[in-house]
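Enquirer: Sharing a structure with you now.
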Amino acid sequence: MALQKLPLVGLLLLLTTVVSPARADGPVCPPTTKLSRASFPEGFLFGTATAAYQVEGAVNETCRGPALWDIYCKRYPARCNNDNGDVAVDFFHRYKEDIQLMKSLNTDAFRLSIAWTRIFPHGTKEKGVSRAGVQFYHDVIDELLRNGIIPFVTVFHWDTPQDLEDEYGGFLSERIVKDFREYADFVFQEYGGKVKNWITFNEPWVFAHAGYDVGRKAPGRCSSYVNPQCQDGRSGYEAYLVTHNLLNAHAEAYEAFRQCEKCKGGKVGLAHSPAWFEPHDLADSQDGASIKRAMDFILGWHLEPTMYGDYPQTMKDIVGQRLPTFTTAQKAKLRNSADFVGINYYTSTFSNHIEKPDPSKPRWKQDSLIDWENKNAQDYTIGSKPFTAALPVYSRGFRSLLKYIKDKYGNPEIMIMENGYGEELGATDSIAVGTADHNRKYYLQRHLLAMQEAICIDKVNVTGYFVWSLLDNFEWQDGYKNRFGLYYVDFKNNLTRYEKESGKFYKDFLSQGVRPSAIKKDEL
Ligand code: BGC
């Protein structure tokens with residue numbers, strides 16, 4: 001790929017010659033000579049993101065109840081790599097210190113999630129509310145606001161209360177819809193006066209696919225023909241059911257939000273996590289045509305119900321009876337139930353169409369009639385993949401994805417809720433190596449540039465961007481081995497935080513131009 005061959009010097013040239021034509025027919029970008037905050041439209045928000053389960057720790061404080069991942073990691077330690085026990089990175093005790101890190105980076109906003117198990121330790125209000133848990137999030141939000149940082153709050157980032165798992169199978173049951181609405185309504189009422197930006201669900205595709213179709217994430221369910229490690233589950237069925245319940249839960253939460261008086265002026269969306277796809281074989285028109293199908297399955301599956309009230313026709317045609325159907329009332333609640341499109345972008349892949357699916361072994365990927373390939377027909381890797389990188393780096397896919405969403409879905413407001421670079425340093429892991437993260441800095445430069453081009457040239461309506469993540473943290477099935485932070489966390493010594501090269505870059509990038517907090521509200 002051309003990108004792979006682009007020498008560093010070429011990149012530097014690109015980064016120093018950004019000139020954004022300001023036009024009236026879309027976002028207005030100031031002309032600049034070097035890529036920085038100043039190259040983006042006025043008022044654009046930059047932040048960092050985390051999730052409760054990945055950073056908080058303190059599992060025995062505030063009467064926190066057991067969460068899905070606690071039990072999963074205990075039951076299957078090998079599938080969870082959690083050799084640090086419940087330590088996480090102790091955001092619970094160190095949030096003040098960490099907010100100072102956000103401030104020193106010159107960020108405007110911070111995306112955090114609320115652990116349901118700290119608010120309703122056993123999953124429902126009737127079984128008890130933890131006032132200490134409720135207070136903890138007040139304290140964090142207040143501290144953010146005091147420091148001029150806008151909170152973006154995720155209601156659910158994969159930590160289902162274990163009691164609901166035990167009682168009725170969590171998201172496998174439609175009973176989750178009522179319980180989720182109660183919980184969402186509670187947090188809206190509690191924090192909605194001061195939090196104006198909400199994400200109901202983080203990455204429904206990952207939650208449903210990794211958790212219930214390939215068994216890679218908790219609860220680790222799938223058919224044994226997909227993954228022999230799975231002891232229970234049914235691939236090709238459960239992921240659709242879980243998604244269906246999740247979407248109905250979202251629609252209920254959205255309705256509760258609209259009925260919440262103190263939430264007025266706020267916005268709600270979901271954070272989707274599509275990859276971008278390039279054709280495996282440029283000469284094969286079926287590979288080219290498969291891109292649209294790939295996007296319907298990975299993005300349209302969750303996005304279209306919240307826009308139009310139903311699943312994409314492609315999915316209905318292929319998945320047939322295995323895809324649940326919405327009632328007329330559910331469709332009506334789902335339609336227009338998101339105020340912006342949240343996108344988490346990490347990587348891209350090649351799409352190779354499948355000629356002969358095996359109907360006896362259904363699974364989501366096969367249903368999309370696509371194999372994901374890391375190399376194309378000419379044996380090129382997509383983008384570049386440094387030795388320690390978790391995923392291929394392909395910023396062109398980011399720009400293409402944003403343009404695709406603009407064109408296909410009528411130019412909605414988009415917020416980049418996550419973008420970042422994971423690496424496993426293995427035996428070389430040390431403060432010195434971990435903080436010299438030039439590959440992460442390069443990743444951020446490329447993706448910020450791709451986003452700037454999407455906004456300023458393609459006129460995509462993107463209004464904010466969050467780096468995943470502020471700190472190295474608990475990376476689900478990879479435990480603490482896979483690092484994503486702008487700050488290195490020394491897991492062996494007191495969880496001390498050290499700024500990485502990527503952190504220095506982001507700080508410098510954000511030090512130029514005008515911070516939105518410095519712009520008078522009526523000018524925004
Ligand atoms: C998730 C995060 C995760 C990150 C890196 C996203 O899928 O929202 O929780 O840590 O990607 O894998």
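Ligands are numbered from 1 in the order shown, residues from 1 within each chain, and chains are lettered A, B, ... in the order they appear in the structure tokens.
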Please run DSSP on the backbone and report, as a ChimeraX atom specification, all residues within region 21-102 of chain A that come out as alpha helix (DSSP H).
Expert: /A:52-55,68-75,91-102
Enquirer: Would you save the residues of that selection, restricted to C-alpha atoms, as a tab-separated table (two decimals), in the first residue's frame?
Expert:
chain	number	residue	atom	x	y	z
A	52	ALA	CA	-14.92	2.41	34.72
A	53	TYR	CA	-14.02	-1.27	34.69
A	54	GLN	CA	-10.69	-0.61	33.04
A	55	VAL	CA	-9.40	2.04	35.43
A	68	LEU	CA	-19.72	-9.63	34.61
A	69	TRP	CA	-15.98	-9.28	34.09
A	70	ASP	CA	-15.13	-9.95	37.77
A	71	ILE	CA	-16.74	-13.34	37.58
A	72	TYR	CA	-15.57	-14.11	34.05
A	73	CYS	CA	-11.96	-13.39	34.97
A	74	LYS	CA	-12.20	-15.57	38.07
A	75	ARG	CA	-13.86	-18.38	36.15
A	91	PHE	CA	-8.63	5.94	39.20
A	92	PHE	CA	-11.07	5.59	42.08
A	93	HIS	CA	-8.53	7.01	44.54
A	94	ARG	CA	-6.44	9.02	42.12
A	95	TYR	CA	-9.03	10.77	39.99
A	96	LYS	CA	-7.93	14.20	41.23
A	97	GLU	CA	-4.36	13.52	40.22
A	98	ASP	CA	-5.55	12.13	36.87
A	99	ILE	CA	-7.71	15.17	36.19
A	100	GLN	CA	-4.56	17.26	36.61
A	101	LEU	CA	-2.98	15.10	33.88
A	102	MET	CA	-5.94	15.89	31.60
Enquirer: What are the nearest atom pairs, with distances in Å to one decimal, for all residues of chain A that come at most 8 Å from ligand 1, using only C-alpha atoms and all ligand atoms, set out by chain and rising residue number as JSON lines?
Expert:
{"residue": "A:Thr50", "atom": "CA", "partner": "ligand 1", "partner_atom_place_in_ligand_line": "9 (O)", "distance": 7.3}
{"residue": "A:Ala51", "atom": "CA", "partner": "ligand 1", "partner_atom_place_in_ligand_line": "9 (O)", "distance": 6.3}
{"residue": "A:Gln54", "atom": "CA", "partner": "ligand 1", "partner_atom_place_in_ligand_line": "9 (O)", "distance": 7.2}
{"residue": "A:His157", "atom": "CA", "partner": "ligand 1", "partner_atom_place_in_ligand_line": "9 (O)", "distance": 7.1}
{"residue": "A:Asn202", "atom": "CA", "partner": "ligand 1", "partner_atom_place_in_ligand_line": "8 (O)", "distance": 6.1}
{"residue": "A:Glu203", "atom": "CA", "partner": "ligand 1", "partner_atom_place_in_ligand_line": "8 (O)", "distance": 6.1}
{"residue": "A:Val206", "atom": "CA", "partner": "ligand 1", "partner_atom_place_in_ligand_line": "7 (O)", "distance": 6.7}
{"residue": "A:Ser273", "atom": "CA", "partner": "ligand 1", "partner_atom_place_in_ligand_line": "7 (O)", "distance": 7.0}
{"residue": "A:Asn344", "atom": "CA", "partner": "ligand 1", "partner_atom_place_in_ligand_line": "6 (C)", "distance": 7.0}
{"residue": "A:Tyr346", "atom": "CA", "partner": "ligand 1", "partner_atom_place_in_ligand_line": "11 (O)", "distance": 7.6}
{"residue": "A:Glu418", "atom": "CA", "partner": "ligand 1", "partner_atom_place_in_ligand_line": "8 (O)", "distance": 7.1}
{"residue": "A:Gly420", "atom": "CA", "partner": "ligand 1", "partner_atom_place_in_ligand_line": "5 (C)", "distance": 7.5}
{"residue": "A:Tyr421", "atom": "CA", "partner": "ligand 1", "partner_atom_place_in_ligand_line": "5 (C)", "distance": 7.9}
{"residue": "A:Gly422", "atom": "CA", "partner": "ligand 1", "partner_atom_place_in_ligand_line": "5 (C)", "distance": 6.9}
{"residue": "A:Trp468", "atom": "CA", "partner": "ligand 1", "partner_atom_place_in_ligand_line": "4 (C)", "distance": 6.8}
{"residue": "A:Ser469", "atom": "CA", "partner": "ligand 1", "partner_atom_place_in_ligand_line": "10 (O)", "distance": 7.9}
{"residue": "A:Asn473", "atom": "CA", "partner": "ligand 1", "partner_atom_place_in_ligand_line": "10 (O)", "distance": 7.7}
{"residue": "A:Phe474", "atom": "CA", "partner": "ligand 1", "partner_atom_place_in_ligand_line": "10 (O)", "distance": 7.4}
{"residue": "A:Glu475", "atom": "CA", "partner": "ligand 1", "partner_atom_place_in_ligand_line": "10 (O)", "distance": 5.1}
{"residue": "A:Trp476", "atom": "CA", "partner": "ligand 1", "partner_atom_place_in_ligand_line": "10 (O)", "distance": 6.8}
{"residue": "A:Phe484", "atom": "CA", "partner": "ligand 1", "partner_atom_place_in_ligand_line": "5 (C)", "distance": 7.1}
Enquirer: Please, could you write that set of residues out with N, CA, C and O atoms as a PDB file, in the first residue's frame?
Expert:
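Written out: out27.pdb:
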ATOM      1  N   THR A  50     -11.780   6.931  28.989  1.00  0.00           N
ATOM      2  CA  THR A  50     -11.527   5.723  29.796  1.00  0.00           C
ATOM      3  C   THR A  50     -12.869   5.017  30.002  1.00  0.00           C
ATOM      4  O   THR A  50     -13.907   5.534  29.588  1.00  0.00           O
ATOM      5  N   ALA A  51     -12.836   3.880  30.696  1.00  0.00           N
ATOM      6  CA  ALA A  51     -14.074   3.203  31.101  1.00  0.00           C
ATOM      7  C   ALA A  51     -13.883   2.706  32.535  1.00  0.00           C
ATOM      8  O   ALA A  51     -12.773   2.301  32.922  1.00  0.00           O
ATOM      9  N   GLN A  54     -12.080  -0.535  33.456  1.00  0.00           N
ATOM     10  CA  GLN A  54     -10.688  -0.608  33.043  1.00  0.00           C
ATOM     11  C   GLN A  54      -9.740   0.221  33.900  1.00  0.00           C
ATOM     12  O   GLN A  54      -8.534   0.023  33.847  1.00  0.00           O
ATOM     13  N   HIS A 157     -20.542   0.461  29.768  1.00  0.00           N
ATOM     14  CA  HIS A 157     -19.325   0.065  29.047  1.00  0.00           C
ATOM     15  C   HIS A 157     -18.980  -1.371  29.458  1.00  0.00           C
ATOM     16  O   HIS A 157     -17.970  -1.622  30.107  1.00  0.00           O
ATOM     17  N   ASN A 202     -21.544   1.565  24.872  1.00  0.00           N
ATOM     18  CA  ASN A 202     -20.265   1.548  24.184  1.00  0.00           C
ATOM     19  C   ASN A 202     -20.173   0.324  23.296  1.00  0.00           C
ATOM     20  O   ASN A 202     -20.341  -0.810  23.755  1.00  0.00           O
ATOM     21  N   GLU A 203     -19.906   0.531  22.038  1.00  0.00           N
ATOM     22  CA  GLU A 203     -19.580  -0.525  21.073  1.00  0.00           C
ATOM     23  C   GLU A 203     -20.515  -1.727  21.120  1.00  0.00           C
ATOM     24  O   GLU A 203     -20.101  -2.838  21.458  1.00  0.00           O
ATOM     25  N   VAL A 206     -18.987  -4.807  19.311  1.00  0.00           N
ATOM     26  CA  VAL A 206     -17.989  -5.603  20.044  1.00  0.00           C
ATOM     27  C   VAL A 206     -18.667  -6.386  21.163  1.00  0.00           C
ATOM     28  O   VAL A 206     -18.403  -7.579  21.361  1.00  0.00           O
ATOM     29  N   SER A 273     -18.416   0.976  16.703  1.00  0.00           N
ATOM     30  CA  SER A 273     -16.987   0.707  16.483  1.00  0.00           C
ATOM     31  C   SER A 273     -16.734   0.006  15.161  1.00  0.00           C
ATOM     32  O   SER A 273     -16.213  -1.106  15.133  1.00  0.00           O
ATOM     33  N   ASN A 344     -15.969   4.927  17.366  1.00  0.00           N
ATOM     34  CA  ASN A 344     -14.648   4.515  17.862  1.00  0.00           C
ATOM     35  C   ASN A 344     -13.934   3.885  16.671  1.00  0.00           C
ATOM     36  O   ASN A 344     -14.410   2.892  16.133  1.00  0.00           O
ATOM     37  N   TYR A 346     -10.341   2.277  15.155  1.00  0.00           N
ATOM     38  CA  TYR A 346      -8.987   1.784  15.449  1.00  0.00           C
ATOM     39  C   TYR A 346      -8.246   1.324  14.202  1.00  0.00           C
ATOM     40  O   TYR A 346      -7.077   1.627  14.036  1.00  0.00           O
ATOM     41  N   GLU A 418     -13.527   7.347  20.486  1.00  0.00           N
ATOM     42  CA  GLU A 418     -12.263   6.667  20.788  1.00  0.00           C
ATOM     43  C   GLU A 418     -11.434   6.570  19.516  1.00  0.00           C
ATOM     44  O   GLU A 418     -11.971   6.308  18.447  1.00  0.00           O
ATOM     45  N   GLY A 420      -7.126   5.279  19.056  1.00  0.00           N
ATOM     46  CA  GLY A 420      -5.874   5.108  19.789  1.00  0.00           C
ATOM     47  C   GLY A 420      -5.104   3.898  19.315  1.00  0.00           C
ATOM     48  O   GLY A 420      -5.536   3.144  18.446  1.00  0.00           O
ATOM     49  N   TYR A 421      -3.951   3.717  19.943  1.00  0.00           N
ATOM     50  CA  TYR A 421      -2.967   2.730  19.482  1.00  0.00           C
ATOM     51  C   TYR A 421      -2.558   1.834  20.638  1.00  0.00           C
ATOM     52  O   TYR A 421      -2.082   2.321  21.674  1.00  0.00           O
ATOM     53  N   GLY A 422      -2.762   0.538  20.466  1.00  0.00           N
ATOM     54  CA  GLY A 422      -2.383  -0.414  21.511  1.00  0.00           C
ATOM     55  C   GLY A 422      -1.096  -1.118  21.158  1.00  0.00           C
ATOM     56  O   GLY A 422      -0.842  -1.411  19.990  1.00  0.00           O
ATOM     57  N   TRP A 468      -8.225   7.305  22.944  1.00  0.00           N
ATOM     58  CA  TRP A 468      -8.209   6.174  23.862  1.00  0.00           C
ATOM     59  C   TRP A 468      -6.754   5.796  24.049  1.00  0.00           C
ATOM     60  O   TRP A 468      -6.142   5.340  23.112  1.00  0.00           O
ATOM     61  N   SER A 469      -6.136   6.027  25.168  1.00  0.00           N
ATOM     62  CA  SER A 469      -6.783   6.364  26.404  1.00  0.00           C
ATOM     63  C   SER A 469      -5.870   7.309  27.185  1.00  0.00           C
ATOM     64  O   SER A 469      -4.710   7.489  26.820  1.00  0.00           O
ATOM     65  N   ASN A 473      -4.303   0.801  30.838  1.00  0.00           N
ATOM     66  CA  ASN A 473      -5.354   0.292  31.722  1.00  0.00           C
ATOM     67  C   ASN A 473      -5.619  -1.186  31.481  1.00  0.00           C
ATOM     68  O   ASN A 473      -4.881  -1.841  30.744  1.00  0.00           O
ATOM     69  N   PHE A 474      -6.679  -1.682  32.075  1.00  0.00           N
ATOM     70  CA  PHE A 474      -7.026  -3.097  31.957  1.00  0.00           C
ATOM     71  C   PHE A 474      -7.660  -3.347  30.589  1.00  0.00           C
ATOM     72  O   PHE A 474      -8.793  -2.935  30.344  1.00  0.00           O
ATOM     73  N   GLU A 475      -6.908  -4.014  29.712  1.00  0.00           N
ATOM     74  CA  GLU A 475      -7.372  -4.160  28.332  1.00  0.00           C
ATOM     75  C   GLU A 475      -8.106  -5.501  28.149  1.00  0.00           C
ATOM     76  O   GLU A 475      -7.714  -6.346  27.372  1.00  0.00           O
ATOM     77  N   TRP A 476      -9.164  -5.679  28.920  1.00  0.00           N
ATOM     78  CA  TRP A 476     -10.069  -6.827  28.773  1.00  0.00           C
ATOM     79  C   TRP A 476      -9.314  -8.154  28.664  1.00  0.00           C
ATOM     80  O   TRP A 476      -8.521  -8.457  29.552  1.00  0.00           O
ATOM     81  N   PHE A 484      -2.396   1.293  26.054  1.00  0.00           N
ATOM     82  CA  PHE A 484      -3.039   2.255  25.146  1.00  0.00           C
ATOM     83  C   PHE A 484      -2.844   3.705  25.588  1.00  0.00           C
ATOM     84  O   PHE A 484      -3.307   4.618  24.922  1.00  0.00           O
TER      85      PHE A 484
END
Enquirer: Just asking: which residues within region 175-347 of chain A are strand (DSSP E or B) according to DSSP, as a PyMOL selection string?
Expert: chain A and resi 197-202+267-272+276-279+340-345
Enquirer: Can you measure CA of Gly503 (chain A) to CA of Val489 (chain A) for me? One decimal in Å is fine.
Expert: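 Computed distance, CA of Gly503 (chain A) to CA of Val489 (chain A), equals 12.8 Å.
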Enquirer: List the spatial neighbours of Ser517 (chain A) as a list in words - criterion: any atom at most 12 Å away, only C-alpha atoms, same-chain residues fewer than 6 positions off excluded.
Expert: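 So the residues in contact are Glu42, Gly43, Phe44, Leu45, Phe46, Asn106, Thr107, Asp108, Ala109, Leu145, Asn147, Gly148, Ile149, Ile150, Glu523 and Leu524 of chain A.
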Enquirer: Tell me which of A:Asp284, A:Asp367, A:Ala275, A:Thr200 sits closest to Ala239 (chain A), counting only C-alpha atoms.
Expert: A:Asp367
Enquirer: Show me, as a PyMOL selection string, the residues that have an atom within 9 Å of region 449-461 of chain A when counting only C-alpha atoms, minus same-chain residues fewer than 3 positions from it.
Expert: chain A and resi 14-15+18+20-23+25-29+35+39-41+395-400+402-403+405-407+411-415+444-446
Enquirer: Would you output that residue set with N, CA and C atoms, as a compact mmCIF listing (two decimals), in the first residue's frame?
Expert:
# COMPACT_ATOMS: atom_id res chain seq x y z
N LEU A 14 3.65 16.60 5.16
CA LEU A 14 2.19 16.68 5.19
C LEU A 14 1.72 17.45 6.41
N LEU A 15 2.34 17.15 7.56
CA LEU A 15 1.89 17.77 8.79
C LEU A 15 2.19 19.25 8.85
N VAL A 18 -0.58 21.81 6.17
CA VAL A 18 -2.04 21.73 6.16
C VAL A 18 -2.62 23.12 5.90
N SER A 20 -6.30 24.60 5.13
CA SER A 20 -7.68 24.18 5.01
C SER A 20 -8.54 25.28 4.43
N PRO A 21 -9.03 25.05 3.22
CA PRO A 21 -9.87 26.08 2.62
C PRO A 21 -11.15 26.26 3.42
N ALA A 22 -11.45 27.48 3.79
CA ALA A 22 -12.69 27.73 4.54
C ALA A 22 -13.82 27.97 3.55
N ARG A 23 -14.82 27.10 3.61
CA ARG A 23 -15.97 27.26 2.72
C ARG A 23 -17.23 27.33 3.54
N ASP A 25 -20.07 25.86 2.85
CA ASP A 25 -20.96 24.71 2.74
C ASP A 25 -20.63 23.56 3.70
N GLY A 26 -20.06 23.86 4.84
CA GLY A 26 -19.71 22.81 5.80
C GLY A 26 -18.84 23.40 6.86
N PRO A 27 -18.16 22.55 7.65
CA PRO A 27 -17.30 23.08 8.70
C PRO A 27 -16.29 24.09 8.14
N VAL A 28 -16.05 25.12 8.91
CA VAL A 28 -15.12 26.15 8.45
C VAL A 28 -13.78 25.96 9.16
N CYS A 29 -12.74 25.74 8.38
CA CYS A 29 -11.42 25.45 8.97
C CYS A 29 -10.47 26.61 8.70
N LEU A 35 -0.21 21.19 11.44
CA LEU A 35 -1.40 20.57 12.02
C LEU A 35 -1.41 20.74 13.54
N SER A 39 -5.99 24.03 13.39
CA SER A 39 -6.40 23.63 12.03
C SER A 39 -7.84 23.13 11.99
N PHE A 40 -8.49 23.10 13.15
CA PHE A 40 -9.86 22.57 13.23
C PHE A 40 -10.86 23.71 13.42
N PRO A 41 -12.14 23.44 13.11
CA PRO A 41 -13.14 24.50 13.30
C PRO A 41 -13.20 24.97 14.75
N SER A 395 -4.79 5.07 8.60
CA SER A 395 -5.55 6.29 8.83
C SER A 395 -6.43 6.65 7.63
N ARG A 396 -6.04 6.18 6.44
CA ARG A 396 -6.87 6.48 5.28
C ARG A 396 -8.28 5.89 5.46
N GLY A 397 -8.32 4.74 6.15
CA GLY A 397 -9.61 4.10 6.43
C GLY A 397 -10.49 4.98 7.31
N PHE A 398 -9.86 5.73 8.20
CA PHE A 398 -10.59 6.63 9.10
C PHE A 398 -11.31 7.70 8.27
N ARG A 399 -10.57 8.31 7.36
CA ARG A 399 -11.16 9.36 6.53
C ARG A 399 -12.28 8.78 5.65
N SER A 400 -12.02 7.61 5.06
CA SER A 400 -13.04 6.99 4.18
C SER A 400 -14.30 6.67 4.97
N LEU A 402 -15.45 8.16 7.67
CA LEU A 402 -16.20 9.37 8.01
C LEU A 402 -16.97 9.89 6.80
N LYS A 403 -16.35 9.85 5.66
CA LYS A 403 -17.01 10.31 4.42
C LYS A 403 -18.19 9.39 4.10
N ILE A 405 -20.04 7.72 6.20
CA ILE A 405 -21.16 8.00 7.11
C ILE A 405 -21.87 9.28 6.67
N LYS A 406 -21.08 10.28 6.31
CA LYS A 406 -21.69 11.53 5.86
C LYS A 406 -22.61 11.26 4.65
N ASP A 407 -22.08 10.56 3.66
CA ASP A 407 -22.82 10.36 2.42
C ASP A 407 -24.02 9.44 2.60
N ASN A 411 -25.32 13.26 6.42
CA ASN A 411 -24.48 14.26 7.09
C ASN A 411 -24.83 14.49 8.56
N PRO A 412 -24.84 13.41 9.38
CA PRO A 412 -25.16 13.60 10.80
C PRO A 412 -23.97 14.20 11.56
N GLU A 413 -24.23 14.69 12.77
CA GLU A 413 -23.10 15.10 13.63
C GLU A 413 -22.39 13.83 14.10
N ILE A 414 -21.08 13.83 13.99
CA ILE A 414 -20.28 12.66 14.40
C ILE A 414 -19.32 13.09 15.51
N MET A 415 -19.17 12.26 16.52
CA MET A 415 -18.13 12.52 17.52
C MET A 415 -17.23 11.29 17.60
N LEU A 444 -1.29 8.88 16.14
CA LEU A 444 -2.17 10.02 16.43
C LEU A 444 -2.02 11.10 15.36
N GLN A 445 -0.79 11.38 14.95
CA GLN A 445 -0.57 12.39 13.91
C GLN A 445 -1.33 12.02 12.64
N ARG A 446 -1.17 10.75 12.23
CA ARG A 446 -1.83 10.32 10.99
C ARG A 446 -3.35 10.43 11.10
Enquirer: If you take only C-alpha atoms and a cut-off of 12 Å, which residues of region 138-164 of chain A touch region 173-191 of chain A, and what are their nearest atom pairs and distances in Å to one decimal, in chain and number order, as a Markdown table?
Expert:
| residue | atom | partner | partner_atom | distance |
| --- | --- | --- | --- | --- |
| A:His138 | CA | A:Tyr191 | CA | 7.3 |
| A:Asp139 | CA | A:Tyr191 | CA | 10.8 |
| A:Val140 | CA | A:Tyr191 | CA | 11.1 |
| A:Ile141 | CA | A:Tyr191 | CA | 8.4 |
| A:Asp142 | CA | A:Tyr191 | CA | 10.1 |
| A:Pro151 | CA | A:Tyr191 | CA | 10.4 |
| A:Phe152 | CA | A:Tyr191 | CA | 11.2 |
| A:Val153 | CA | A:Tyr191 | CA | 9.5 |
| A:Thr154 | CA | A:Ala184 | CA | 10.1 |
| A:Val155 | CA | A:Ala184 | CA | 6.7 |
| A:Phe156 | CA | A:Ala184 | CA | 8.9 |
| A:Thr160 | CA | A:Phe180 | CA | 9.9 |
| A:Pro161 | CA | A:Phe180 | CA | 10.7 |
| A:Asp163 | CA | A:Ile176 | CA | 11.6 |
| A:Leu164 | CA | A:Ile176 | CA | 7.9 |
Enquirer: Would you mind telling me which residue in A:Tyr443, A:Leu246, A:Met417, A:Phe110 lies nearest to Ser384 (chain A) when using only C-alpha atoms?
Expert: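 Distance minimum relative to Ser384 (chain A) lands on A:Tyr443.
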Enquirer: Expressed in Å to a single decimal, how great is the separation between CA of Asp90 (chain A) and CA of Glu423 (chain A)?
Expert: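 Separation of CA of Asp90 (chain A) and CA of Glu423 (chain A): 21.1 Å.
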